[in-house]
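Peer 1: Dropping a structure here in structure tokens format, bear with me for questions.
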Amino acid sequence: MTKINLLGISGSLRKASHNTKLLHEAIRRFGPADATIASLDLPLYNGDLEDEVGLPPAVAQLVEQIRASDALILATPEYNKMIPGVLKNALDWISRAKPQPLVGKPLAIISTAGRSGGEVAQFTLRHALATFNANVLQGSAMVVPGLDAAFDSQGRLVSEAQQRSLDRLMARLREAATPQP
């Protein structure tokens, strides 16, 4: 079996982020893979900076990580009924890369936030990703509401229903990332 290069991206910069915790759980449930977690600690998009230096080193690294990946897991918090600014900023920078690294990439979206689990953020992220032509997995949203009770002390999902939902999504992502004979 060929190992899959899996890239995880969390839309939160917080060390104790619930979305990063969910991202780690998704990677674990994905199964055998060479997994990398990308950093979104990037400069703000600025056309003048791009004109001066092209893609800044941190952005170029993210673009190369996307290109090297076979599949992506994107965990997004929901801030004020939207995706967080750091995630939107990353997408703005990624959009400047030629050739476009997200075209055709299998991509799963997951989130955890407040009562809704981040459903609105997922909707807006799907909208933002439309122009990238990524292979965003369709179907029901993988959302985890109730942040404080969602994970055990090891960072694992507590709810068996959420575990099964994440397992199904990761199986679909693995299938989409596996080369067909």
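FYI, nothing fancy with the structure tokens labels: chains A, B, ... in order, residues from 1 per chain, ligands from 1 as they appear.
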Need to verify the contact set: A:Ile27, 9 Å, only C-alpha atoms, exclusion of same-chain residues closer than 4 positions in sequence. Can you return it as number ranges by chain?
Peer 2: A: 6-8, 22-23, 31-33, 35, 73, 170
Peer 1: Applying 9 Å and only C-alpha atoms, which residues near A:Gly114 remain after dropping the ones on its own chain fewer than 6 positions away? List them as a list in words.
Peer 2: Glu78, Val144, Pro145, Gly146 and Leu147 of chain A
Peer 1: Take the residues from that selection and put them in a file with N, CA and C atoms, as a compact mmCIF listing (two decimals), in the first residue's frame.
Peer 2:
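Here's the written file part_15.txt:
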# COMPACT_ATOMS: atom_id res chain seq x y z
N GLU A 78 -15.25 28.94 13.66
CA GLU A 78 -16.23 29.90 13.17
C GLU A 78 -16.12 31.16 14.00
N VAL A 144 -18.44 19.60 15.28
CA VAL A 144 -18.43 19.18 16.67
C VAL A 144 -18.84 20.38 17.54
N PRO A 145 -20.09 20.38 18.00
CA PRO A 145 -20.51 21.45 18.92
C PRO A 145 -20.12 21.10 20.36
N GLY A 146 -20.31 22.04 21.26
CA GLY A 146 -20.07 21.78 22.68
C GLY A 146 -18.61 21.56 22.98
N LEU A 147 -17.81 22.56 22.73
CA LEU A 147 -16.35 22.46 22.80
C LEU A 147 -15.81 21.83 24.08
Peer 1: Rank nothing, just name the residue among A:Arg96, A:Arg29, A:His18, A:Arg156 nearest to A:Ala113, using only C-alpha atoms.
Peer 2: A:His18
Peer 1: I'd like the contact shell of A:Met82 - 12 Å cut-off, only C-alpha atoms, skipping same-chain residues fewer than 4 positions apart - returned as a list in words.
Peer 2: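 In the requested form, the answer reads Gly11, Thr76, Pro77, Glu78, Val86, Leu87, Lys88, Ser111, Ala113, Gly118, Glu119, Val120, Ala121, Gln122, Phe123, Thr124, Leu125, Arg126, His127 and Ala128 of chain A.
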Peer 1: So which residues of chain A fall under alpha helix (DSSP H) by DSSP, listed as a PyMOL selection string?
Peer 2: chain A and resi 18-30+47-53+57-68+85-94+119-129+147-150+160-177
Peer 1: Give me every strand (DSSP E) residue in stretch 3-136 of chain A, going by DSSP on the backbone, as a list in words.
Peer 2: Ile4, Asn5, Leu6, Leu7, Gly8, Ile9, Ser10, Ala33, Asp34, Ala35, Thr36, Ile37, Ala38, Ala71, Leu72, Ile73, Leu74, Ala75, Pro106, Leu107, Ala108, Ile109, Ile110, Ser111, Thr112, Asn135 and Val136 of chain A
Peer 1: Taking C-alpha atoms for each residue, export the selection above as a PDB file, in the first residue's frame.
Peer 2:
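Output file again.pdb is given in full below:
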ATOM      1  CA  ILE A   4      -0.516   8.944   1.375  1.00  0.00           C
ATOM      2  CA  ASN A   5       0.938  12.406   1.968  1.00  0.00           C
ATOM      3  CA  LEU A   6      -1.672  14.075   4.143  1.00  0.00           C
ATOM      4  CA  LEU A   7      -1.638  17.791   4.915  1.00  0.00           C
ATOM      5  CA  GLY A   8      -3.577  19.197   7.839  1.00  0.00           C
ATOM      6  CA  ILE A   9      -4.413  22.877   8.100  1.00  0.00           C
ATOM      7  CA  SER A  10      -6.012  24.486  11.124  1.00  0.00           C
ATOM      8  CA  ALA A  33      -0.070   8.429   6.208  1.00  0.00           C
ATOM      9  CA  ASP A  34       2.860  10.786   6.106  1.00  0.00           C
ATOM     10  CA  ALA A  35       1.057  13.631   7.862  1.00  0.00           C
ATOM     11  CA  THR A  36       2.196  17.238   8.109  1.00  0.00           C
ATOM     12  CA  ILE A  37       0.470  20.132   9.810  1.00  0.00           C
ATOM     13  CA  ALA A  38       0.920  23.420   7.982  1.00  0.00           C
ATOM     14  CA  ALA A  71      -5.093  15.020   0.359  1.00  0.00           C
ATOM     15  CA  LEU A  72      -5.894  17.826   2.793  1.00  0.00           C
ATOM     16  CA  ILE A  73      -7.879  18.146   5.985  1.00  0.00           C
ATOM     17  CA  LEU A  74      -8.951  21.681   6.722  1.00  0.00           C
ATOM     18  CA  ALA A  75     -10.213  22.449  10.236  1.00  0.00           C
ATOM     19  CA  PRO A 106      -9.129  15.864  -2.277  1.00  0.00           C
ATOM     20  CA  LEU A 107     -10.052  18.040   0.689  1.00  0.00           C
ATOM     21  CA  ALA A 108     -12.152  17.350   3.782  1.00  0.00           C
ATOM     22  CA  ILE A 109     -13.523  20.148   5.950  1.00  0.00           C
ATOM     23  CA  ILE A 110     -14.066  19.712   9.677  1.00  0.00           C
ATOM     24  CA  SER A 111     -14.876  22.160  12.442  1.00  0.00           C
ATOM     25  CA  THR A 112     -15.768  22.655  16.047  1.00  0.00           C
ATOM     26  CA  ASN A 135     -12.042  18.219  -4.818  1.00  0.00           C
ATOM     27  CA  VAL A 136     -13.952  19.266  -1.688  1.00  0.00           C
TER      28      VAL A 136
END
Peer 1: Rounded to one decimal, what separation in Å do you get between atom CA of A:Arg67 and atom CA of A:Asp92?
Peer 2: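 A separation of 16.4 Å between them.
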Peer 1: Mind giving me the straight-line distance from atom CA of A:Ser69 to atom CA of A:Leu137 in Å, one decimal?
Peer 2: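 Computing it gives 15.9 Å between the two atoms.
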Peer 1: What gap, in Å, lies between atom CA of A:Ser165 and atom CA of A:Met142?
Peer 2: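 Spanning atom CA of A:Ser165 to atom CA of A:Met142 is a straight-line distance of 6.8 Å.
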Peer 1: Closest to A:Ser12 among A:Ala130, A:Leu62, A:Val143, A:Ile83, using only C-alpha atoms?
Peer 2: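 The answer is A:Ile83, which sits nearest to A:Ser12.
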Peer 1: Using only C-alpha atoms, which of A:Arg115, A:Lys3, A:Arg164, A:Lys15 sits nearest A:Ala177?
Peer 2: A:Lys3
Peer 1: With a distance cut-off of 9 Å and only C-alpha atoms, select the neighbouring residues of A:Asp41, excluding the residue or stretch itself and same-chain residues fewer than 5 positions from it, and output the selection as a list in words.
Peer 2: Leu13, Ala58, Val86 and Ala90 of chain A
Peer 1: Take the residues that were just selected and, keeping C-alpha atoms, output them as an mmCIF file, in the first residue's frame.
Peer 2:
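The result, written out as selection.cif:
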data_model
loop_
_atom_site.group_PDB
_atom_site.id
_atom_site.type_symbol
_atom_site.label_atom_id
_atom_site.label_comp_id
_atom_site.auth_asym_id
_atom_site.auth_seq_id
_atom_site.Cartn_x
_atom_site.Cartn_y
_atom_site.Cartn_z
ATOM 1 C CA LEU A 13 -3.363 29.930 15.598
ATOM 2 C CA ALA A 58 6.233 31.032 4.705
ATOM 3 C CA VAL A 86 -5.885 33.764 9.090
ATOM 4 C CA ALA A 90 -3.897 31.981 3.529
#
Peer 1: Which residue gives the smallest distance to A:Val59 among A:Gln180, A:Pro84, A:Ser95, A:Leu166, with only C-alpha atoms counted?
Peer 2: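 Answer, going by the shortest atom-to-atom distance: A:Ser95.
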Peer 1: Let me make sure I understand: among A:Phe132, A:Lys21, A:Gly117, A:Ala176, which one has the smallest atom-to-atom distance to A:Lys81 if we use only C-alpha atoms?
Peer 2: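 Of A:Phe132, A:Lys21, A:Gly117, A:Ala176, the one nearest A:Lys81, counting only C-alpha atoms, is A:Gly117.
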Peer 1: For A:Ala134, which residue among A:Ile66, A:Ala171, A:Ala26, A:Leu157 is the nearest when counting only C-alpha atoms?
Peer 2: A:Ile66
